[in-house]
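Source file: structure_25.pdb. Holds: PDB, C-alpha atoms and all ligand atoms.
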ATOM      1  CA  MET D  20      41.160  78.663  19.529
ATOM      2  CA  SER D  21      39.765  75.881  21.717
ATOM      3  CA  SER D  22      37.577  76.702  24.702
ATOM      4  CA  PHE D  23      39.263  73.794  26.565
ATOM      5  CA  LYS D  24      42.550  73.249  28.358
ATOM      6  CA  ASP D  25      44.515  70.108  27.503
ATOM      7  CA  LEU D  26      44.765  68.068  30.769
ATOM      8  CA  ARG D  27      47.389  65.330  30.896
ATOM      9  CA  VAL D  28      46.241  61.712  31.179
ATOM     10  CA  VAL D  29      47.788  59.917  34.171
ATOM     11  CA  ASP D  30      47.272  56.678  36.131
ATOM     12  CA  ASN D  31      43.716  56.436  37.469
ATOM     13  CA  PHE D  32      42.741  59.244  35.080
ATOM     14  CA  TYR D  33      39.027  58.758  35.857
ATOM     15  CA  GLN D  34      39.612  59.917  39.419
ATOM     16  CA  THR D  35      42.680  62.151  39.065
ATOM     17  CA  SER D  36      41.902  64.066  35.868
ATOM     18  CA  LEU D  37      38.121  63.924  35.366
ATOM     19  CA  PHE D  38      34.738  64.564  36.963
ATOM     20  CA  TYR D  39      33.291  61.253  35.916
ATOM     21  CA  PRO D  40      29.812  60.389  37.207
ATOM     22  CA  MET D  41      29.787  56.825  38.491
ATOM     23  CA  PRO D  42      27.531  54.527  40.486
ATOM     24  CA  THR D  43      28.283  53.668  44.107
ATOM     25  CA  VAL D  44      28.023  49.902  44.380
ATOM     26  CA  CYS D  45      28.867  47.634  47.301
ATOM     27  CA  ILE D  46      29.945  44.201  46.089
ATOM     28  CA  SER D  47      29.279  41.221  48.347
ATOM     29  CA  THR D  48      31.279  38.001  47.969
ATOM     30  CA  VAL D  49      31.966  34.927  50.098
ATOM     31  CA  ASN D  50      35.292  34.643  51.951
ATOM     32  CA  PRO D  51      37.205  31.324  52.130
ATOM     33  CA  ASP D  52      35.785  30.665  55.642
ATOM     34  CA  GLY D  53      32.198  31.179  54.425
ATOM     35  CA  SER D  54      31.798  34.662  55.954
ATOM     36  CA  MET D  55      30.738  37.630  53.815
ATOM     37  CA  ASN D  56      32.932  40.399  52.436
ATOM     38  CA  ILE D  57      31.718  43.732  51.121
ATOM     39  CA  GLY D  58      33.876  46.179  49.152
ATOM     40  CA  ALA D  59      32.952  49.544  47.564
ATOM     41  CA  TYR D  60      33.161  49.797  43.763
ATOM     42  CA  SER D  61      32.317  52.315  41.066
ATOM     43  CA  LEU D  62      34.033  50.874  37.987
ATOM     44  CA  VAL D  63      31.152  48.560  37.270
ATOM     45  CA  PHE D  64      29.181  49.018  34.039
ATOM     46  CA  PRO D  65      26.897  47.166  31.595
ATOM     47  CA  TYR D  66      29.056  45.175  29.120
ATOM     48  CA  TYR D  67      26.913  42.815  26.988
ATOM     49  CA  ILE D  68      23.589  44.579  26.643
ATOM     50  CA  ALA D  69      22.070  42.742  23.636
ATOM     51  CA  GLY D  70      22.931  40.394  20.788
ATOM     52  CA  LYS D  71      24.838  37.861  22.917
ATOM     53  CA  ASP D  72      23.775  34.635  24.633
ATOM     54  CA  TYR D  73      23.623  36.410  27.967
ATOM     55  CA  TYR D  74      23.733  39.852  29.570
ATOM     56  CA  ALA D  75      26.836  40.963  31.416
ATOM     57  CA  MET D  76      28.449  43.656  33.531
ATOM     58  CA  ILE D  77      32.155  44.484  33.694
ATOM     59  CA  LEU D  78      34.033  45.177  36.918
ATOM     60  CA  GLU D  79      37.527  46.681  37.167
ATOM     61  CA  CYS D  80      39.317  46.102  40.451
ATOM     62  CA  ARG D  81      42.598  45.788  42.342
ATOM     63  CA  ASN D  82      43.574  42.135  42.113
ATOM     64  CA  ASN D  83      44.634  41.693  45.733
ATOM     65  CA  SER D  84      41.313  43.043  47.024
ATOM     66  CA  ASN D  85      39.104  40.639  48.972
ATOM     67  CA  THR D  86      36.475  41.006  46.252
ATOM     68  CA  CYS D  87      38.834  40.005  43.433
ATOM     69  CA  GLN D  88      40.295  37.090  45.352
ATOM     70  CA  ASN D  89      36.811  35.819  46.251
ATOM     71  CA  ILE D  90      35.551  36.110  42.647
ATOM     72  CA  LEU D  91      38.607  34.216  41.370
ATOM     73  CA  ARG D  92      37.795  31.442  43.862
ATOM     74  CA  THR D  93      33.976  31.276  43.851
ATOM     75  CA  GLY D  94      32.975  33.007  40.602
ATOM     76  CA  LYS D  95      29.999  34.648  42.388
ATOM     77  CA  CYS D  96      29.219  38.172  43.518
ATOM     78  CA  ALA D  97      26.282  40.512  44.109
ATOM     79  CA  LEU D  98      26.332  44.157  43.017
ATOM     80  CA  ASN D  99      24.341  46.033  45.673
ATOM     81  CA  PHE D 100      23.168  49.524  44.700
ATOM     82  CA  ILE D 101      22.990  51.313  48.038
ATOM     83  CA  PRO D 102      20.454  54.070  48.720
ATOM     84  CA  ASP D 103      21.337  57.729  48.700
ATOM     85  CA  ASP D 104      21.894  58.815  52.282
ATOM     86  CA  LYS D 105      24.941  60.029  54.155
ATOM     87  CA  ALA D 106      25.109  57.007  56.488
ATOM     88  CA  SER D 107      25.158  54.541  53.571
ATOM     89  CA  PHE D 108      27.822  56.491  51.662
ATOM     90  CA  LYS D 109      29.906  56.781  54.837
ATOM     91  CA  GLU D 110      29.670  53.004  55.240
ATOM     92  CA  ALA D 111      30.648  52.500  51.561
ATOM     93  CA  VAL D 112      33.761  54.629  52.081
ATOM     94  CA  ARG D 113      34.618  52.637  55.231
ATOM     95  CA  LEU D 114      34.208  49.386  53.288
ATOM     96  CA  GLY D 115      36.422  50.904  50.588
ATOM     97  CA  PHE D 116      39.493  51.090  52.785
ATOM     98  CA  PRO D 117      42.046  48.429  51.739
ATOM     99  CA  GLY D 118      42.663  45.711  54.291
ATOM    100  CA  PRO D 119      41.600  42.288  55.529
ATOM    101  CA  SER D 120      37.906  41.438  55.546
ATOM    102  CA  GLU D 121      37.968  40.469  59.225
ATOM    103  CA  ASP D 122      39.008  44.028  60.179
ATOM    104  CA  LYS D 123      35.974  45.749  58.649
ATOM    105  CA  MET D 124      33.143  43.223  58.518
ATOM    106  CA  PRO D 125      32.435  42.843  62.286
ATOM    107  CA  ASN D 126      31.314  46.515  62.332
ATOM    108  CA  LEU D 127      29.116  46.258  59.246
ATOM    109  CA  LYS D 128      26.221  48.744  59.376
ATOM    110  CA  PHE D 129      24.263  47.205  56.482
ATOM    111  CA  LYS D 130      21.787  44.402  57.161
ATOM    112  CA  LEU D 131      22.112  41.366  54.891
ATOM    113  CA  GLU D 132      19.600  38.856  53.514
ATOM    114  CA  LYS D 133      19.551  35.991  51.037
ATOM    115  CA  GLY D 134      19.340  36.846  47.359
ATOM    116  CA  LEU D 135      17.105  35.105  44.814
ATOM    117  CA  ALA D 136      19.673  33.294  42.612
ATOM    118  CA  ASP D 137      20.187  29.694  43.788
ATOM    119  CA  PRO D 138      20.146  30.678  47.498
ATOM    120  CA  ASP D 139      21.367  27.221  48.589
ATOM    121  CA  ASP D 140      24.693  27.618  46.794
ATOM    122  CA  GLU D 141      27.236  28.324  49.552
ATOM    123  CA  ASN D 142      29.268  30.449  47.133
ATOM    124  CA  ARG D 143      26.324  32.835  46.634
ATOM    125  CA  PRO D 144      26.834  35.931  48.770
ATOM    126  CA  LEU D 145      24.074  37.536  50.817
ATOM    127  CA  VAL D 146      22.767  40.870  49.532
ATOM    128  CA  ILE D 147      22.371  44.249  51.275
ATOM    129  CA  LYS D 148      18.778  44.589  52.458
ATOM    130  CA  SER D 149      18.547  48.378  52.045
ATOM    131  CA  SER D 150      19.700  48.288  48.381
ATOM    132  CA  PHE D 151      17.129  49.627  45.938
ATOM    133  CA  GLN D 152      18.384  47.093  43.387
ATOM    134  CA  VAL D 153      20.899  44.245  43.288
ATOM    135  CA  ILE D 154      22.493  42.381  40.366
ATOM    136  CA  GLU D 155      23.477  38.806  41.222
ATOM    137  CA  CYS D 156      26.308  37.641  38.966
ATOM    138  CA  THR D 157      28.546  34.768  37.944
ATOM    139  CA  TRP D 158      31.982  35.460  36.461
ATOM    140  CA  ASP D 159      32.386  34.094  32.912
ATOM    141  CA  SER D 160      35.856  32.644  33.500
ATOM    142  CA  SER D 161      35.809  30.975  30.052
ATOM    143  CA  LEU D 162      36.373  34.235  28.119
ATOM    144  CA  GLU D 163      40.089  34.620  27.364
ATOM    145  CA  ASP D 164      40.583  31.571  29.614
ATOM    146  CA  GLY D 165      40.366  33.936  32.602
ATOM    147  CA  GLY D 166      39.932  30.953  34.926
ATOM    148  CA  LYS D 167      43.621  30.091  34.575
ATOM    149  CA  TYR D 168      44.408  32.706  37.242
ATOM    150  CA  LYS D 169      44.097  31.365  40.764
ATOM    151  CA  ALA D 170      43.428  33.190  44.029
ATOM    152  CA  GLY D 171      46.272  33.593  46.510
ATOM    153  CA  GLU D 172      48.750  36.033  44.928
ATOM    154  CA  MET D 173      48.488  38.949  47.343
ATOM    155  CA  ASP D 174      51.704  40.677  46.231
ATOM    156  CA  GLY D 175      50.723  41.066  42.592
ATOM    157  CA  TYR D 176      50.466  38.661  39.658
ATOM    158  CA  GLU D 177      53.331  37.942  37.295
ATOM    159  CA  PRO D 178      52.778  38.146  33.492
ATOM    160  CA  PRO D 179      51.429  37.040  31.079
ATOM    161  CA  TYR D 180      48.271  39.080  31.512
ATOM    162  CA  ASN D 181      44.905  38.911  29.804
ATOM    163  CA  ASP D 182      43.480  41.880  27.913
ATOM    164  CA  PHE D 183      39.944  42.068  29.287
ATOM    165  CA  ASN D 184      38.913  39.146  31.541
ATOM    166  CA  GLY D 185      40.856  37.861  34.547
ATOM    167  CA  ILE D 186      44.178  39.291  35.686
ATOM    168  CA  THR D 187      45.044  42.193  33.382
ATOM    169  CA  SER D 188      48.155  43.716  35.021
ATOM    170  CA  LYS D 189      50.344  43.205  38.079
ATOM    171  CA  PHE D 190      47.689  44.666  40.392
ATOM    172  CA  GLY D 191      44.679  44.875  38.078
ATOM    173  CA  ALA D 192      41.760  42.620  37.212
ATOM    174  CA  HIS D 193      38.726  42.811  34.945
ATOM    175  CA  PHE D 194      35.725  40.541  35.357
ATOM    176  CA  ILE D 195      32.956  39.971  32.858
ATOM    177  CA  LEU D 196      30.039  39.133  35.093
ATOM    178  CA  LYS D 197      27.063  37.266  33.685
ATOM    179  CA  ILE D 198      23.807  38.656  35.080
ATOM    180  CA  ASP D 199      21.932  35.858  36.857
ATOM    181  CA  LYS D 200      19.180  37.944  38.435
ATOM    182  CA  ILE D 201      18.149  41.552  38.880
ATOM    183  CA  LEU D 202      16.510  42.091  42.272
ATOM    184  CA  MET D 203      14.343  45.215  42.515
ATOM    185  CA  LYS D 204      12.491  46.696  45.509
ATOM    186  CA  GLU D 205       8.730  46.466  45.006
ATOM    187  CA  LYS D 206       8.103  50.203  44.652
ATOM    188  CA  TYR D 207      10.578  50.476  41.775
ATOM    189  CA  TYR D 208       9.576  47.110  40.315
ATOM    190  CA  ASN D 209       5.986  48.392  40.061
ATOM    191  CA  ALA D 210       7.192  51.631  38.516
ATOM    192  CA  ILE D 211       9.200  49.836  35.820
ATOM    193  CA  VAL D 212       6.449  47.311  35.081
ATOM    194  CA  ASN D 213       3.511  49.743  35.230
ATOM    195  CA  GLY D 214       5.158  52.859  33.819
ATOM    196  CA  VAL D 215       7.564  55.176  35.572
ATOM    197  CA  LYS D 216       6.456  58.636  36.677
ATOM    198  CA  ALA D 217       8.826  61.420  37.749
ATOM    199  CA  GLY D 218       8.363  60.609  41.441
ATOM    200  CA  ASP D 219       9.257  56.938  41.003
ATOM    201  CA  PHE D 220      13.007  57.184  40.600
ATOM    202  CA  PRO D 221      15.097  55.938  43.496
ATOM    203  CA  PRO D 222      17.509  58.535  44.853
ATOM    204  CA  VAL D 223      20.927  57.218  43.797
ATOM    205  CA  PRO D 224      24.308  58.279  45.171
ATOM    206  CA  VAL D 225      26.406  59.405  42.217
ATOM    207  CA  ASP D 226      30.080  59.149  42.948
ATOM    208  CA  TYR D 227      31.930  62.076  41.410
ATOM    209  CA  GLY D 228      34.840  60.049  40.081
ATOM    210  CA  TYR D 229      37.323  62.674  41.208
ATOM    211  CA  ARG D 230      38.984  61.897  44.531
ATOM    212  CA  ASP D 231      42.070  62.992  46.361
ATOM    213  CA  SER D 232      43.925  61.380  49.241
ATOM    214  CA  THR D 233      41.516  62.689  51.873
ATOM    215  CA  ASN D 234      37.990  62.593  50.404
ATOM    216  CA  PHE D 235      35.638  60.741  48.118
ATOM    217  CA  TRP D 236      32.996  63.100  46.699
ATOM    218  CA  TYR D 237      29.437  62.356  45.734
ATOM    219  CA  THR D 238      26.327  64.304  44.837
ATOM    220  CA  PRO D 239      23.512  63.842  47.343
ATOM    221  CA  PHE D 240      19.859  63.959  46.344
ATOM    222  CA  PRO D 241      18.406  66.305  45.160
ATOM    223  CA  ARG D 242      21.142  66.969  42.633
ATOM    224  CA  PHE D 243      22.778  70.239  41.671
ATOM    225  CA  LYS D 244      23.675  71.082  45.233
ATOM    226  CA  LYS D 245      27.305  71.359  46.192
ATOM    227  CA  PRO D 246      28.880  67.883  46.365
ATOM    228  CA  HIS D 247      29.225  66.357  49.798
ATOM    229  CA  ALA D 248      32.733  65.336  50.943
ATOM    230  CA  GLU D 249      33.063  62.026  52.771
ATOM    231  CA  PRO D 250      36.453  61.774  54.503
ATOM    232  CA  ILE D 251      38.503  58.634  54.054
ATOM    233  CA  ALA D 252      39.359  57.165  57.476
ATOM    234  CA  ALA D 253      42.907  57.818  58.619
ATOM    235  CA  PRO D 254      44.803  54.575  58.115
ATOM    236  CA  LYS D 255      45.506  52.537  61.254
ATOM    237  CA  GLU D 256      49.210  52.884  61.912
ATOM    238  CA  ILE D 257      51.225  49.692  61.551
ATOM    239  CA  ASP D 258      53.450  49.086  64.593
ATOM    240  CA  ILE D 259      57.192  48.966  64.083
ATOM    241  CA  SER D 260      57.492  45.253  64.924
ATOM    242  CA  SER D 261      55.071  44.319  62.087
ATOM    243  CA  LEU D 262      57.020  46.580  59.718
ATOM    244  CA  ARG D 263      60.275  44.955  60.838
ATOM    245  CA  TYR D 264      58.754  41.483  60.279
ATOM    246  CA  ALA D 265      57.703  42.408  56.704
ATOM    247  CA  ALA D 266      60.988  44.205  55.931
ATOM    248  CA  ASP D 267      63.164  41.312  57.138
ATOM    249  CA  ARG D 268      61.361  38.990  54.740
ATOM    250  CA  CYS D 269      61.859  41.158  51.645
ATOM    251  CA  ASP D 270      65.469  40.315  50.856
ATOM    252  CA  ASP D 271      68.438  38.376  52.309
ATOM    253  CA  THR D 272      70.975  41.143  51.798
ATOM    254  CA  ILE D 273      69.203  44.510  52.020
ATOM    255  CA  LYS D 274      68.187  45.739  55.490
ATOM    256  CA  PHE D 275      66.147  48.695  56.773
ATOM    257  CA  THR D 276      66.856  50.891  59.838
ATOM    258  CA  ASP D 277      63.961  51.526  62.271
ATOM    259  CA  GLU D 278      64.016  55.211  61.257
ATOM    260  CA  ALA D 279      63.523  54.195  57.625
ATOM    261  CA  LEU D 280      60.640  51.865  58.507
ATOM    262  CA  LYS D 281      58.816  54.609  60.456
ATOM    263  CA  ASN D 282      58.106  56.240  57.054
ATOM    264  CA  PHE D 283      55.760  53.357  56.239
ATOM    265  CA  VAL D 284      53.475  53.282  59.305
ATOM    266  CA  LYS D 285      50.549  54.671  57.283
ATOM    267  CA  VAL D 286      50.917  52.480  54.177
ATOM    268  CA  PRO D 287      47.795  50.277  53.827
ATOM    269  CA  ARG D 288      48.852  46.679  54.465
ATOM    270  CA  PRO D 289      47.986  45.304  50.997
ATOM    271  CA  PHE D 290      50.503  47.782  49.515
ATOM    272  CA  LEU D 291      53.290  47.332  52.076
ATOM    273  CA  LYS D 292      55.271  44.563  50.375
ATOM    274  CA  THR D 293      55.244  46.440  47.049
ATOM    275  CA  VAL D 294      56.476  49.636  48.710
ATOM    276  CA  LEU D 295      59.257  47.829  50.607
ATOM    277  CA  MET D 296      60.312  45.886  47.499
ATOM    278  CA  GLY D 297      60.513  49.172  45.566
ATOM    279  CA  CYS D 298      63.040  50.365  48.162
ATOM    280  CA  VAL D 299      64.995  47.079  47.945
ATOM    281  CA  ASP D 300      65.213  47.403  44.147
ATOM    282  CA  TRP D 301      66.432  50.994  44.491
ATOM    283  CA  ALA D 302      69.043  49.916  47.093
ATOM    284  CA  LYS D 303      70.398  47.201  44.779
ATOM    285  CA  GLU D 304      70.613  49.604  41.836
ATOM    286  CA  ASN D 305      72.495  52.110  44.005
ATOM    287  CA  GLY D 306      74.811  49.765  45.933
ATOM    288  CA  VAL D 307      73.096  50.463  49.286
ATOM    289  CA  GLU D 308      72.961  47.624  51.830
ATOM    290  CA  VAL D 309      71.166  49.332  54.749
ATOM    291  CA  ILE D 310      68.263  51.610  53.814
ATOM    292  CA  ASP D 311      67.986  54.564  56.201
ATOM    293  CA  ASP D 312      65.617  57.529  56.551
ATOM    294  CA  GLU D 313      67.588  59.665  54.064
ATOM    295  CA  HIS D 314      67.416  56.901  51.439
ATOM    296  CA  VAL D 315      63.626  56.674  51.826
ATOM    297  CA  LYS D 316      63.376  60.423  51.226
ATOM    298  CA  ILE D 317      65.464  60.075  48.046
ATOM    299  CA  ILE D 318      63.266  57.160  46.889
ATOM    300  CA  ASN D 319      60.090  59.169  47.580
ATOM    301  CA  ASP D 320      61.466  62.220  45.727
ATOM    302  CA  LYS D 321      62.347  60.009  42.774
ATOM    303  CA  ARG D 322      58.866  58.449  42.778
ATOM    304  CA  ASN D 323      57.167  61.864  42.934
ATOM    305  CA  ALA D 324      59.356  63.152  40.094
ATOM    306  CA  GLU D 325      58.390  60.122  37.980
ATOM    307  CA  LYS D 326      54.698  60.667  38.722
ATOM    308  CA  ASN D 327      54.932  64.336  37.716
ATOM    309  CA  LYS D 328      56.727  63.447  34.490
ATOM    310  CA  LYS D 329      53.857  61.188  33.321
TER
HETATM  311  C1  LIG E 401      33.015  54.933  46.403
HETATM  312  C2  LIG E 401      34.173  54.011  46.147
HETATM  313  C3  LIG E 401      34.354  53.460  44.895
HETATM  314  C4  LIG E 401      35.437  52.592  44.634
HETATM  315  N1  LIG E 401      35.560  52.038  43.390
HETATM  316  C5  LIG E 401      36.537  51.145  43.150
HETATM  317  C6  LIG E 401      36.629  50.472  41.886
HETATM  318  O1  LIG E 401      35.807  50.653  41.002
HETATM  319  N2  LIG E 401      37.650  49.578  41.697
HETATM  320  C7  LIG E 401      38.557  49.304  42.698
HETATM  321  O2  LIG E 401      39.470  48.479  42.483
HETATM  322  N3  LIG E 401      38.485  49.922  43.905
HETATM  323  C8  LIG E 401      37.498  50.807  44.155
HETATM  324  N4  LIG E 401      37.410  51.412  45.379
HETATM  325  C9  LIG E 401      38.396  51.037  46.404
HETATM  326  C10 LIG E 401      37.997  49.683  47.011
HETATM  327  O3  LIG E 401      36.777  49.826  47.716
HETATM  328  C11 LIG E 401      39.132  49.203  47.920
HETATM  329  O4  LIG E 401      40.170  48.678  47.118
HETATM  330  C12 LIG E 401      38.661  48.189  48.953
HETATM  331  O5  LIG E 401      39.758  47.784  49.719
HETATM  332  C13 LIG E 401      38.005  46.985  48.317
HETATM  333  O6  LIG E 401      37.483  46.180  49.339
HETATM  334  P1  LIG E 401      37.726  44.621  49.324
HETATM  335  O7  LIG E 401      39.248  44.376  49.477
HETATM  336  O8  LIG E 401      36.983  44.128  50.531
HETATM  337  O9  LIG E 401      37.211  44.127  48.027
HETATM  338  C14 LIG E 401      36.352  52.276  45.664
HETATM  339  C15 LIG E 401      36.162  52.839  46.941
HETATM  340  C16 LIG E 401      35.093  53.690  47.175
HETATM  341  C17 LIG E 401      34.896  54.257  48.557
END
What does the file become when written as structure tokens?
Amino acid sequence: MSSFKDLRVVDNFYQTSLFYPMPTVCISTVNPDGSMNIGAYSLVFPYYIAGKDYYAMILECRNNSNTCQNILRTGKCALNFIPDDKASFKEAVRLGFPGPSEDKMPNLKFKLEKGLADPDDENRPLVIKSSFQVIECTWDSSLEDGGKYKAGEMDGYEPPYNDFNGITSKFGAHFILKIDKILMKEKYYNAIVNGVKAGDFPPVPVDYGYRDSTNFWYTPFPRFKKPHAEPIAAPKEIDISSLRYAADRCDDTIKFTDEALKNFVKVPRPFLKTVLMGCVDWAKENGVEVIDDEHVKIINDKRNAEKNKK
């Protein structure tokens, strides 16, 4: 008899069905207008560690994120390992809320400075000054011809998809990132070069993997305390006129009532078109021309039932 329970594997299993220790990394990239973007990421791991022509990391991300779109365009990013303190983790969670770069970047709490890899290249992002280490990277867009995917598809990419480098599903992307430079704060540089003692390890925020709709969880330093919960900001509500604008552009024949649209005020903007199009598809399958509040409830019930079946 096993000492374990068999837990079902569902979408985003690393954060819905596991306690999976992960790094908390803030990725800086350059926006089309030359300004900086920073997004929070944990699915970033060593990929080529030896025996290849270069060393590489792999990043898994949503393909309509600012980070993904900027990497597709510029090929450059910096993986900033933020220090372990509540203010930095709070800022990482704020930077992890989906939405346009110009909404979050004016209030950035982190200070930025130039990195060390070709600092005159305008596609090279600045790095976060308080990081204890930073990996400056260039995307290897040659693997699997990943470079064939272009930035600009904010409502999801159509197939065919790559298996491991570039766009890998409608809303997913994987990037194999060549390591150009590792930047290390002097204290830790000296420790690595001269021999590390127990007191020389930087305190690192370990993200617990598991999250729900209200909190990200991470273990503060020192470890083995109860994990600290960092609330995800309540989404800014979208006003009804913006919802109406988006809904009227979904389809020529299917319409939404205002009552129906009010169900979507809290949907993060990058997901809005997908949610509305899901309703349009349902309406067409069911011979409905005007989607009202009741229809949205039926669609939501159907979606929840499908999720639970998985
Ligand atoms: C701690 C933390 C870790 C995250 N890890 C990932 C990740 O590995 N991959 C991903 O696609 N999104 C991840 N997210 C969500 C992204 O931060 C979110 O999609 C955000 O909008 C990305 O910002 P950007 O659009 O400026 O790139 C994470 C969020 C937080 C707070």
Handout entry: Residues matched by the PyMOL selection byres (((not hetatm)) within 8 of (chain E and resi 401)) as a PyMOL selection string
Key = chain D and resi 43-44+46+56-63+78-87+108+111-120+191+226+235+251
Practice task
List the residues matched by the PyMOL selection byres (((chain D and resi 180-184) around 6) and not hetatm) in the displayed structure as a PyMOL selection string, ordered by chain and then by residue number.
Solution key: chain D and resi 165+178-179+185-188+193-194
Just the selected residues (C-alpha atoms), exported as a short mmCIF file (atom, residue, chain, number, x, y, z; two decimals), in the frame of the given file, please.
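Output file selection_25.cif is given in full below:
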data_model
loop_
_atom_site.label_atom_id
_atom_site.label_comp_id
_atom_site.auth_asym_id
_atom_site.auth_seq_id
_atom_site.Cartn_x
_atom_site.Cartn_y
_atom_site.Cartn_z
CA GLY D 165 40.37 33.94 32.60
CA PRO D 178 52.78 38.15 33.49
CA PRO D 179 51.43 37.04 31.08
CA GLY D 185 40.86 37.86 34.55
CA ILE D 186 44.18 39.29 35.69
CA THR D 187 45.04 42.19 33.38
CA SER D 188 48.16 43.72 35.02
CA HIS D 193 38.73 42.81 34.94
CA PHE D 194 35.72 40.54 35.36
#
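A straight line drawn from CA of Leu91 (chain D) to CA of Glu132 (chain D) is 23.0 Å long.
For the set D:Val286, D:Ala248, D:Val299, D:Val212, the residue with the smallest atom-to-atom gap to Lys105 (chain D) is D:Ala248, counting all atoms listed in the file.
Distance-wise, CA of Ala97 (chain D) and CA of Pro138 (chain D) end up 12.1 Å apart.
One finds CA of Ala192 (chain D) at 27.5 Å from CA of Asn126 (chain D).
Across D:Asp199, D:Tyr227, D:Met55, D:Lys71, the tightest approach to Ile147 (chain D) is made by D:Met55 when counting all atoms listed in the file.
Distances from D:Ser260, D:Gln88, D:Ser21, D:Gln34 to Asn50 (chain D) were compared using all atoms listed in the file, and the smallest one belongs to D:Gln88.
Across the chains present, the PyMOL selection byres (((chain D and resi 271-283) around 7) and not hetatm) applied to this file returns Ile259, Leu262, Ala266, Asp267, Asp270, Val284, Lys285, Val286, Val299, Glu308, Val309, Ile310, Asp311, Asp312 and Val315 of chain D.
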Practice task
Please provide the set of residues having any atom within 8 Å of Lys95 (chain D), restricted to all atoms listed in the file, with same-chain residues fewer than 3 positions apart removed, written as number ranges by chain.
Solution key: D: 48-49, 89-90, 142-144, 155-158
Exercise for the section: Go through D:Lys321, D:Arg268, D:Lys128, D:Arg288 and flag the residue nearest Pro254 (chain D), using only C-alpha atoms for the distances. Expected result: D:Arg288
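Distance check against Ala302 (chain D) using all atoms listed in the file: of D:Gly53, D:Tyr207, D:Phe151, D:Ile317, the minimum falls on D:Ile317.
Distances here use all atoms listed in the file; by that measure, the residue among D:Phe129, D:Tyr208, D:Trp236, D:Tyr73 closest to Ser47 (chain D) is D:Phe129.
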Please return the centre and edge lengths, in Å to one decimal, of a box with edges along x, y and z that contains all listed atoms of region 213-228 of chain D, widened by 3 Å on every side, as JSON.
{"center_x": 19.2, "center_y": 55.9, "center_z": 39.5, "size_x": 37.3, "size_y": 18.3, "size_z": 17.4}
